[in-house]
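Participant: A single structure is presented below for examination.
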Amino acid sequence: MELWDVFDENRRLLHRTHVRGIPMRRGEYHLVVFVWIFNSNGQTLLTKRSPAKKNYPNSWSPTGGAVIAGETSLHAVARELREETGITADEAEFNLLTSVRVSSRSYFSDIYSLQKDVPISAVVLQEGETCDAKWVGKAEFEAMIARGEIAPPDVERYRSLQERFDEVFF
């Protein structure tokens with residue numbers, strides 16, 4: 001059973017937990033994190049979601065997941081990265097790009113970037129979560145969007161941060 005901390009609409013901690021899988025009450029939120037990893041070749045690392053995933057199976061996306069009760073956002077993003085890809089990074093290596101409230105899904109989303117050169121052969125996939133990984137440049141990423149291969153929420157996140165990504169993504 002996975003527990004999440006519960007926050008109000010202003011991201012104030014309410015000092016109680018919520019069981020994953022049960023709908024949140026109106027006005028309650030939990031926290032999720034995402035990390036867009038870029039290498040020195042201007043590519044981003046994508047993982048393919050397992051076909052067993054409830055949401056967006058077989059779609060490509062950056063690494064992310066829910067923050068577990070008691071974790072900080074930075075600890076969670078480092079943990080999710082390690083769990084889903086086998087890549088380790090110190091919390092100081094992550095750059096917070098934005099934090100937004102997603103009312104329609106009852107969560108706050110902290111979106112990070114990470115500059116790291118990792119050979120694709122070093123990526124270790126998490127069974128049940130990810131089934132493939134690849135580095136892609138901007139043109140390929142845009143083509144994947146056009147083909148419907150990127151999970152729709154990740155397309156929205158990308159579009160909202162496109163100007164920031166244009167600095168490192170080519």
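Just so we're on the same page: first chain in the structure tokens is A, next is B, and so on; residues restart at 1 for each chain, and ligands are numbered from 1 in the order they show up.
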Counting only C-alpha atoms, what is within 12 Å of Gly27 in chain A, bar same-chain residues fewer than 5 positions away, as a compact mmCIF listing (two decimals) with N, CA and C atoms, in the first residue's frame?
Facilitator:
# COMPACT_ATOMS: atom_id res chain seq x y z
N VAL A 6 -1.02 14.57 2.04
CA VAL A 6 -2.16 15.32 1.51
C VAL A 6 -1.90 16.81 1.71
N PHE A 7 -2.15 17.58 0.65
CA PHE A 7 -1.95 19.03 0.66
C PHE A 7 -3.27 19.72 0.33
N ASP A 8 -3.39 20.99 0.74
CA ASP A 8 -4.55 21.77 0.32
C ASP A 8 -4.22 22.47 -1.00
N GLU A 9 -5.15 23.28 -1.49
CA GLU A 9 -4.98 23.92 -2.80
C GLU A 9 -3.83 24.91 -2.85
N ASN A 10 -3.31 25.32 -1.68
CA ASN A 10 -2.16 26.22 -1.61
C ASN A 10 -0.85 25.49 -1.32
N ARG A 11 -0.90 24.17 -1.41
CA ARG A 11 0.22 23.26 -1.17
C ARG A 11 0.69 23.29 0.28
N ARG A 12 -0.23 23.56 1.15
CA ARG A 12 0.06 23.44 2.58
C ARG A 12 -0.20 22.00 3.00
N LEU A 14 -1.36 18.99 5.02
CA LEU A 14 -2.49 18.82 5.93
C LEU A 14 -2.21 17.80 7.04
N ARG A 101 -0.14 23.36 -10.07
CA ARG A 101 -1.27 22.61 -9.53
C ARG A 101 -2.11 22.12 -10.70
N VAL A 102 -2.39 20.84 -10.71
CA VAL A 102 -3.23 20.24 -11.76
C VAL A 102 -4.54 19.85 -11.08
N SER A 103 -5.47 20.80 -11.03
CA SER A 103 -6.72 20.60 -10.30
C SER A 103 -7.53 19.43 -10.84
N SER A 104 -7.53 19.25 -12.15
CA SER A 104 -8.34 18.18 -12.75
C SER A 104 -7.87 16.80 -12.33
N ARG A 105 -6.62 16.68 -11.88
CA ARG A 105 -6.07 15.38 -11.47
C ARG A 105 -5.70 15.34 -9.99
N SER A 106 -5.99 16.41 -9.25
CA SER A 106 -5.76 16.48 -7.80
C SER A 106 -4.30 16.29 -7.40
N TYR A 107 -3.39 16.93 -8.14
CA TYR A 107 -2.00 16.85 -7.73
C TYR A 107 -1.25 18.13 -8.07
N PHE A 108 -0.14 18.30 -7.36
CA PHE A 108 0.86 19.30 -7.71
C PHE A 108 1.95 18.58 -8.46
Participant: Please identify all polymer residues within 12 Å of Tyr158 in chain A, counting only C-alpha atoms, omitting same-chain residues fewer than 3 positions from it, and present them as a compact mmCIF listing (two decimals) with all heavy atoms, in the first residue's frame.
Facilitator:
# COMPACT_ATOMS: atom_id res chain seq x y z
N PHE A 34 8.45 14.86 -12.04
CA PHE A 34 8.89 14.42 -13.36
C PHE A 34 10.28 14.97 -13.60
O PHE A 34 10.61 16.06 -13.12
CB PHE A 34 7.95 14.95 -14.46
CG PHE A 34 6.54 14.48 -14.29
CD1 PHE A 34 5.61 15.25 -13.62
CD2 PHE A 34 6.15 13.24 -14.78
CE1 PHE A 34 4.32 14.82 -13.44
CE2 PHE A 34 4.86 12.78 -14.61
CZ PHE A 34 3.94 13.57 -13.93
N VAL A 35 11.08 14.22 -14.36
CA VAL A 35 12.41 14.72 -14.70
C VAL A 35 12.66 14.49 -16.19
O VAL A 35 12.47 13.39 -16.70
CB VAL A 35 13.53 14.09 -13.84
CG1 VAL A 35 13.59 12.59 -13.97
CG2 VAL A 35 14.88 14.72 -14.18
N TRP A 36 13.05 15.56 -16.86
CA TRP A 36 13.46 15.51 -18.26
C TRP A 36 14.98 15.48 -18.24
O TRP A 36 15.62 16.44 -17.80
CB TRP A 36 12.95 16.73 -19.00
CG TRP A 36 11.46 16.75 -19.15
CD1 TRP A 36 10.54 17.10 -18.21
CD2 TRP A 36 10.73 16.40 -20.32
NE1 TRP A 36 9.28 16.99 -18.73
CE2 TRP A 36 9.36 16.56 -20.02
CE3 TRP A 36 11.10 15.95 -21.60
CZ2 TRP A 36 8.37 16.29 -20.95
CZ3 TRP A 36 10.09 15.69 -22.51
CH2 TRP A 36 8.74 15.86 -22.19
N THR A 44 16.91 14.03 -25.26
CA THR A 44 16.25 13.72 -24.00
C THR A 44 16.03 12.22 -23.91
O THR A 44 15.83 11.55 -24.93
CB THR A 44 14.93 14.50 -23.84
OG1 THR A 44 14.47 14.37 -22.50
CG2 THR A 44 13.85 14.01 -24.79
N SER A 61 7.55 8.50 -22.40
CA SER A 61 7.46 9.63 -21.48
C SER A 61 8.79 9.83 -20.75
O SER A 61 9.62 8.93 -20.72
CB SER A 61 6.33 9.42 -20.48
OG SER A 61 6.58 8.31 -19.66
N PRO A 62 8.95 11.01 -20.14
CA PRO A 62 10.10 11.18 -19.24
C PRO A 62 9.81 10.41 -17.95
O PRO A 62 8.70 9.94 -17.73
CB PRO A 62 10.12 12.69 -19.00
CG PRO A 62 8.70 13.12 -19.17
CD PRO A 62 8.13 12.20 -20.23
N LEU A 97 12.22 23.20 -12.81
CA LEU A 97 11.76 24.05 -13.90
C LEU A 97 10.47 24.77 -13.55
O LEU A 97 10.30 25.94 -13.85
CB LEU A 97 11.55 23.22 -15.17
CG LEU A 97 12.78 22.53 -15.74
CD1 LEU A 97 12.40 21.63 -16.90
CD2 LEU A 97 13.81 23.57 -16.17
N THR A 98 9.54 24.04 -12.94
CA THR A 98 8.26 24.63 -12.57
C THR A 98 7.55 23.73 -11.58
O THR A 98 7.85 22.55 -11.46
CB THR A 98 7.38 24.88 -13.81
OG1 THR A 98 6.26 25.69 -13.45
CG2 THR A 98 6.89 23.58 -14.43
N ILE A 111 8.35 19.71 -11.87
CA ILE A 111 9.02 19.26 -13.08
C ILE A 111 10.47 19.73 -13.05
O ILE A 111 10.75 20.93 -12.91
CB ILE A 111 8.31 19.78 -14.35
CG1 ILE A 111 6.85 19.35 -14.34
CG2 ILE A 111 9.03 19.27 -15.60
CD1 ILE A 111 6.00 19.98 -15.42
N TYR A 112 11.36 18.77 -13.16
CA TYR A 112 12.80 19.01 -13.08
C TYR A 112 13.47 18.70 -14.41
O TYR A 112 12.95 17.95 -15.23
CB TYR A 112 13.44 18.09 -12.03
CG TYR A 112 13.02 18.36 -10.62
CD1 TYR A 112 11.90 17.75 -10.07
CD2 TYR A 112 13.77 19.22 -9.82
CE1 TYR A 112 11.53 17.99 -8.75
CE2 TYR A 112 13.40 19.47 -8.49
CZ TYR A 112 12.28 18.85 -7.98
OH TYR A 112 11.91 19.09 -6.67
N SER A 113 14.66 19.26 -14.58
CA SER A 113 15.55 18.83 -15.65
C SER A 113 16.83 18.31 -15.00
O SER A 113 17.15 18.64 -13.86
CB SER A 113 15.86 19.97 -16.63
OG SER A 113 16.63 20.97 -16.01
N LYS A 138 15.14 16.67 -30.69
CA LYS A 138 13.89 17.43 -30.77
C LYS A 138 13.05 17.04 -31.98
O LYS A 138 11.83 16.89 -31.85
CB LYS A 138 14.19 18.94 -30.80
CG LYS A 138 12.95 19.78 -30.77
CD LYS A 138 13.28 21.25 -30.70
CE LYS A 138 12.00 22.07 -30.64
NZ LYS A 138 12.29 23.49 -30.55
N PHE A 141 11.43 13.77 -31.31
CA PHE A 141 10.41 13.94 -30.26
C PHE A 141 9.14 14.54 -30.85
O PHE A 141 8.03 14.06 -30.58
CB PHE A 141 10.96 14.81 -29.13
CG PHE A 141 10.04 14.89 -27.95
CD1 PHE A 141 9.99 13.86 -27.03
CD2 PHE A 141 9.24 16.00 -27.74
CE1 PHE A 141 9.14 13.92 -25.93
CE2 PHE A 141 8.39 16.08 -26.66
CZ PHE A 141 8.35 15.04 -25.75
N GLU A 142 9.29 15.58 -31.65
CA GLU A 142 8.12 16.21 -32.30
C GLU A 142 7.41 15.21 -33.22
O GLU A 142 6.18 15.19 -33.27
CB GLU A 142 8.55 17.46 -33.08
CG GLU A 142 9.00 18.61 -32.21
CD GLU A 142 7.85 19.36 -31.53
OE1 GLU A 142 6.67 19.13 -31.87
OE2 GLU A 142 8.15 20.20 -30.66
N ILE A 145 5.36 12.93 -31.10
CA ILE A 145 4.12 13.60 -30.69
C ILE A 145 3.10 13.49 -31.82
O ILE A 145 1.95 13.12 -31.59
CB ILE A 145 4.38 15.08 -30.33
CG1 ILE A 145 5.17 15.19 -29.03
CG2 ILE A 145 3.06 15.84 -30.22
CD1 ILE A 145 5.63 16.60 -28.69
N ILE A 150 3.75 9.82 -27.61
CA ILE A 150 4.09 10.41 -26.31
C ILE A 150 2.80 10.52 -25.49
O ILE A 150 1.76 10.91 -26.00
CB ILE A 150 4.71 11.82 -26.49
CG1 ILE A 150 5.91 11.79 -27.44
CG2 ILE A 150 5.07 12.43 -25.15
CD1 ILE A 150 7.11 11.02 -26.94
N ALA A 151 2.88 10.16 -24.20
CA ALA A 151 1.72 10.25 -23.32
C ALA A 151 1.18 11.69 -23.33
O ALA A 151 1.96 12.64 -23.17
CB ALA A 151 2.09 9.83 -21.90
N PRO A 152 -0.12 11.88 -23.56
CA PRO A 152 -0.68 13.24 -23.67
C PRO A 152 -0.32 14.20 -22.54
O PRO A 152 0.00 15.37 -22.83
CB PRO A 152 -2.19 12.98 -23.76
CG PRO A 152 -2.29 11.64 -24.40
CD PRO A 152 -1.13 10.85 -23.82
N PRO A 153 -0.33 13.79 -21.27
CA PRO A 153 0.07 14.77 -20.24
C PRO A 153 1.51 15.23 -20.39
O PRO A 153 1.84 16.38 -20.06
CB PRO A 153 -0.11 14.00 -18.92
CG PRO A 153 -1.06 12.90 -19.24
CD PRO A 153 -0.78 12.54 -20.67
N ASP A 154 2.37 14.36 -20.92
CA ASP A 154 3.77 14.75 -21.13
C ASP A 154 3.91 15.72 -22.30
O ASP A 154 4.78 16.59 -22.29
CB ASP A 154 4.64 13.52 -21.32
CG ASP A 154 4.66 12.67 -20.06
OD1 ASP A 154 4.92 13.24 -18.98
OD2 ASP A 154 4.40 11.47 -20.15
N VAL A 155 3.04 15.59 -23.28
CA VAL A 155 3.01 16.56 -24.39
C VAL A 155 2.64 17.93 -23.82
O VAL A 155 3.28 18.93 -24.15
CB VAL A 155 2.03 16.13 -25.50
CG1 VAL A 155 1.90 17.23 -26.55
CG2 VAL A 155 2.47 14.82 -26.14
N LEU A 161 6.70 24.08 -21.30
CA LEU A 161 8.10 24.40 -20.98
C LEU A 161 8.99 24.47 -22.22
O LEU A 161 10.21 24.50 -22.10
CB LEU A 161 8.66 23.33 -20.03
CG LEU A 161 8.03 23.32 -18.65
CD1 LEU A 161 8.34 22.03 -17.92
CD2 LEU A 161 8.51 24.52 -17.85
N GLN A 162 8.39 24.54 -23.38
CA GLN A 162 9.15 24.44 -24.63
C GLN A 162 10.25 25.49 -24.75
O GLN A 162 11.35 25.17 -25.20
CB GLN A 162 8.21 24.51 -25.83
CG GLN A 162 8.87 24.03 -27.09
CD GLN A 162 7.87 23.68 -28.17
OE1 GLN A 162 6.67 23.78 -27.98
NE2 GLN A 162 8.36 23.27 -29.31
N GLU A 163 9.98 26.71 -24.33
CA GLU A 163 11.02 27.74 -24.43
C GLU A 163 12.23 27.38 -23.58
O GLU A 163 13.37 27.58 -24.00
CB GLU A 163 10.46 29.09 -23.99
CG GLU A 163 9.60 29.75 -25.04
CD GLU A 163 9.16 31.14 -24.62
OE1 GLU A 163 9.82 31.77 -23.77
OE2 GLU A 163 8.14 31.61 -25.17
N ARG A 164 12.00 26.83 -22.40
CA ARG A 164 13.11 26.42 -21.53
C ARG A 164 13.87 25.25 -22.16
O ARG A 164 15.09 25.18 -22.09
CB ARG A 164 12.61 26.00 -20.14
CG ARG A 164 11.78 27.02 -19.41
CD ARG A 164 12.51 28.01 -18.52
NE ARG A 164 13.48 27.58 -17.59
CZ ARG A 164 13.27 27.32 -16.32
NH1 ARG A 164 12.07 27.37 -15.81
NH2 ARG A 164 14.27 27.00 -15.52
N PHE A 165 13.13 24.30 -22.76
CA PHE A 165 13.75 23.14 -23.36
C PHE A 165 14.53 23.50 -24.62
O PHE A 165 15.52 22.85 -24.93
CB PHE A 165 12.71 22.08 -23.71
CG PHE A 165 12.13 21.36 -22.52
CD1 PHE A 165 10.96 20.66 -22.65
CD2 PHE A 165 12.74 21.39 -21.28
CE1 PHE A 165 10.43 19.98 -21.56
CE2 PHE A 165 12.22 20.73 -20.19
CZ PHE A 165 11.05 20.02 -20.33
N ASP A 166 14.10 24.52 -25.33
CA ASP A 166 14.80 24.91 -26.55
C ASP A 166 16.26 25.28 -26.30
O ASP A 166 17.09 25.22 -27.21
CB ASP A 166 14.07 26.08 -27.24
CG ASP A 166 12.81 25.62 -27.95
OD1 ASP A 166 12.62 24.40 -28.13
OD2 ASP A 166 11.99 26.50 -28.31
N PHE A 169 17.65 21.36 -25.96
CA PHE A 169 17.07 20.27 -26.74
C PHE A 169 17.15 20.62 -28.22
O PHE A 169 16.53 21.56 -28.68
CB PHE A 169 15.61 20.12 -26.30
CG PHE A 169 14.90 18.87 -26.72
CD1 PHE A 169 15.59 17.73 -27.11
CD2 PHE A 169 13.52 18.82 -26.68
CE1 PHE A 169 14.90 16.58 -27.46
CE2 PHE A 169 12.83 17.68 -27.01
CZ PHE A 169 13.53 16.56 -27.41
Participant: Pick the closest to Gly65 in chain A from A:Arg26, A:Arg79, A:Lys53, A:His15: which is it, counting only C-alpha atoms?
Facilitator: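 Distance minimum relative to Gly65 in chain A lands on A:Arg79.
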Participant: Could you give me, as a list in words, the residues within 7 Å of Val67 in chain A, counting only C-alpha atoms and dropping anything in the same chain fewer than 3 positions from it?
Facilitator: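 Everything that qualifies: Trp4, Leu31, Val32, Val33, Glu71, Ser73 and Ala76 of chain A.
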Participant: Which is closest to Leu74 in chain A among A:Cys131, A:Met144, A:Ala122, A:Ala92, if we use only C-alpha atoms?
Facilitator: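 Of A:Cys131, A:Met144, A:Ala122, A:Ala92, the one nearest Leu74 in chain A, counting only C-alpha atoms, is A:Ala92.
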Participant: Name all residues at most 10 Å from Ala52 in chain A (count only C-alpha atoms; drop same-chain ones fewer than 5 positions away) and give them as a list in words.
Facilitator: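 So, after excluding close chain neighbours, the residues are Pro57, Asn58, Glu127, Gly128, Glu129, Thr130 and Cys131 of chain A.
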Participant: Keeping only N, CA and C atoms, take the residues you just selected and write them out as a short mmCIF file (atom, residue, chain, number, x, y, z; two decimals), in the first residue's frame.
Facilitator:
data_model
loop_
_atom_site.label_atom_id
_atom_site.label_comp_id
_atom_site.auth_asym_id
_atom_site.auth_seq_id
_atom_site.Cartn_x
_atom_site.Cartn_y
_atom_site.Cartn_z
N PRO A 57 -0.51 3.05 -21.39
CA PRO A 57 0.39 1.91 -21.66
C PRO A 57 1.06 2.06 -23.02
N ASN A 58 2.30 1.61 -23.12
CA ASN A 58 3.08 1.64 -24.36
C ASN A 58 3.36 3.05 -24.89
N GLU A 127 10.68 -3.48 -14.17
CA GLU A 127 9.62 -4.38 -14.61
C GLU A 127 8.27 -3.88 -14.10
N GLY A 128 7.29 -3.87 -14.99
CA GLY A 128 5.96 -3.41 -14.64
C GLY A 128 5.77 -1.92 -14.79
N GLU A 129 6.88 -1.18 -14.94
CA GLU A 129 6.82 0.27 -15.10
C GLU A 129 7.30 0.70 -16.49
N THR A 130 8.50 0.24 -16.86
CA THR A 130 9.09 0.63 -18.13
C THR A 130 9.52 -0.61 -18.91
N CYS A 131 9.46 -0.51 -20.25
CA CYS A 131 9.83 -1.68 -21.06
C CYS A 131 10.83 -1.33 -22.16
#
Participant: To one decimal place in Å, what is the distance between CA of Trp135 in chain A and CA of Ser99 in chain A?
Facilitator: 24.9 Å
Participant: From a backbone DSSP assignment, name each residue in chain A labelled strand (DSSP E or B), as a PyMOL selection string.
Facilitator: chain A and resi 3-7+13-19+29-38+44-49+60-61+63-66+95-102+107-115+130-136+150
Participant: Would you please extract all alpha helix (DSSP H) residues from range 1-160 of chain A, as assigned by DSSP on the backbone, and give them as an MDAnalysis selection string?
Facilitator: chainID A and resid 73:85 138:146 152:160
Participant: Residues of the last selection are to be written out with C-alpha atoms, as an mmCIF file, in the first residue's frame.
Facilitator:
data_model
loop_
_atom_site.group_PDB
_atom_site.id
_atom_site.type_symbol
_atom_site.label_atom_id
_atom_site.label_comp_id
_atom_site.auth_asym_id
_atom_site.auth_seq_id
_atom_site.Cartn_x
_atom_site.Cartn_y
_atom_site.Cartn_z
ATOM 1 C CA SER A 73 10.129 16.399 -3.958
ATOM 2 C CA LEU A 74 13.877 16.164 -4.610
ATOM 3 C CA HIS A 75 14.216 12.836 -2.830
ATOM 4 C CA ALA A 76 11.273 11.476 -4.824
ATOM 5 C CA VAL A 77 12.624 12.576 -8.208
ATOM 6 C CA ALA A 78 15.997 10.977 -7.456
ATOM 7 C CA ARG A 79 14.242 7.784 -6.278
ATOM 8 C CA GLU A 80 11.940 7.600 -9.309
ATOM 9 C CA LEU A 81 14.893 8.107 -11.650
ATOM 10 C CA ARG A 82 16.857 5.330 -9.940
ATOM 11 C CA GLU A 83 13.860 2.939 -9.820
ATOM 12 C CA GLU A 84 12.705 3.440 -13.412
ATOM 13 C CA THR A 85 16.066 3.753 -15.174
ATOM 14 C CA LYS A 138 13.892 17.435 -30.771
ATOM 15 C CA ALA A 139 12.878 16.541 -34.344
ATOM 16 C CA GLU A 140 12.282 12.903 -33.399
ATOM 17 C CA PHE A 141 10.413 13.937 -30.264
ATOM 18 C CA GLU A 142 8.125 16.208 -32.299
ATOM 19 C CA ALA A 143 7.553 13.356 -34.799
ATOM 20 C CA MET A 144 6.657 11.042 -31.905
ATOM 21 C CA ILE A 145 4.125 13.603 -30.694
ATOM 22 C CA ALA A 146 2.608 13.767 -34.183
ATOM 23 C CA PRO A 152 -0.681 13.236 -23.671
ATOM 24 C CA PRO A 153 0.071 14.770 -20.238
ATOM 25 C CA ASP A 154 3.772 14.752 -21.131
ATOM 26 C CA VAL A 155 3.012 16.557 -24.386
ATOM 27 C CA GLU A 156 1.224 19.233 -22.332
ATOM 28 C CA ARG A 157 4.177 19.524 -19.937
ATOM 29 C CA TYR A 158 6.597 19.751 -22.851
ATOM 30 C CA ARG A 159 4.556 22.454 -24.599
ATOM 31 C CA SER A 160 4.304 24.501 -21.400
#
Participant: Using Å and a single decimal, report how far CA of Val168 in chain A sits from CA of Asp132 in chain A.
Facilitator: 23.1 Å
Participant: So how many Å separate CA of Asn39 in chain A and CA of Val136 in chain A, to one decimal?
Facilitator: 9.9 Å
Participant: Kindly indicate which residue among A:Glu167, A:Lys54, A:Thr47, A:Ile68 lies nearest to Val124 in chain A, using only C-alpha atoms for the distances.
Facilitator: A:Thr47
Participant: For Thr63 in chain A, which of A:Leu96, A:Leu3, A:Ile120, A:Leu114 is the closest residue, counting only C-alpha atoms?
Facilitator: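 Of A:Leu96, A:Leu3, A:Ile120, A:Leu114, the one nearest Thr63 in chain A, counting only C-alpha atoms, is A:Leu114.
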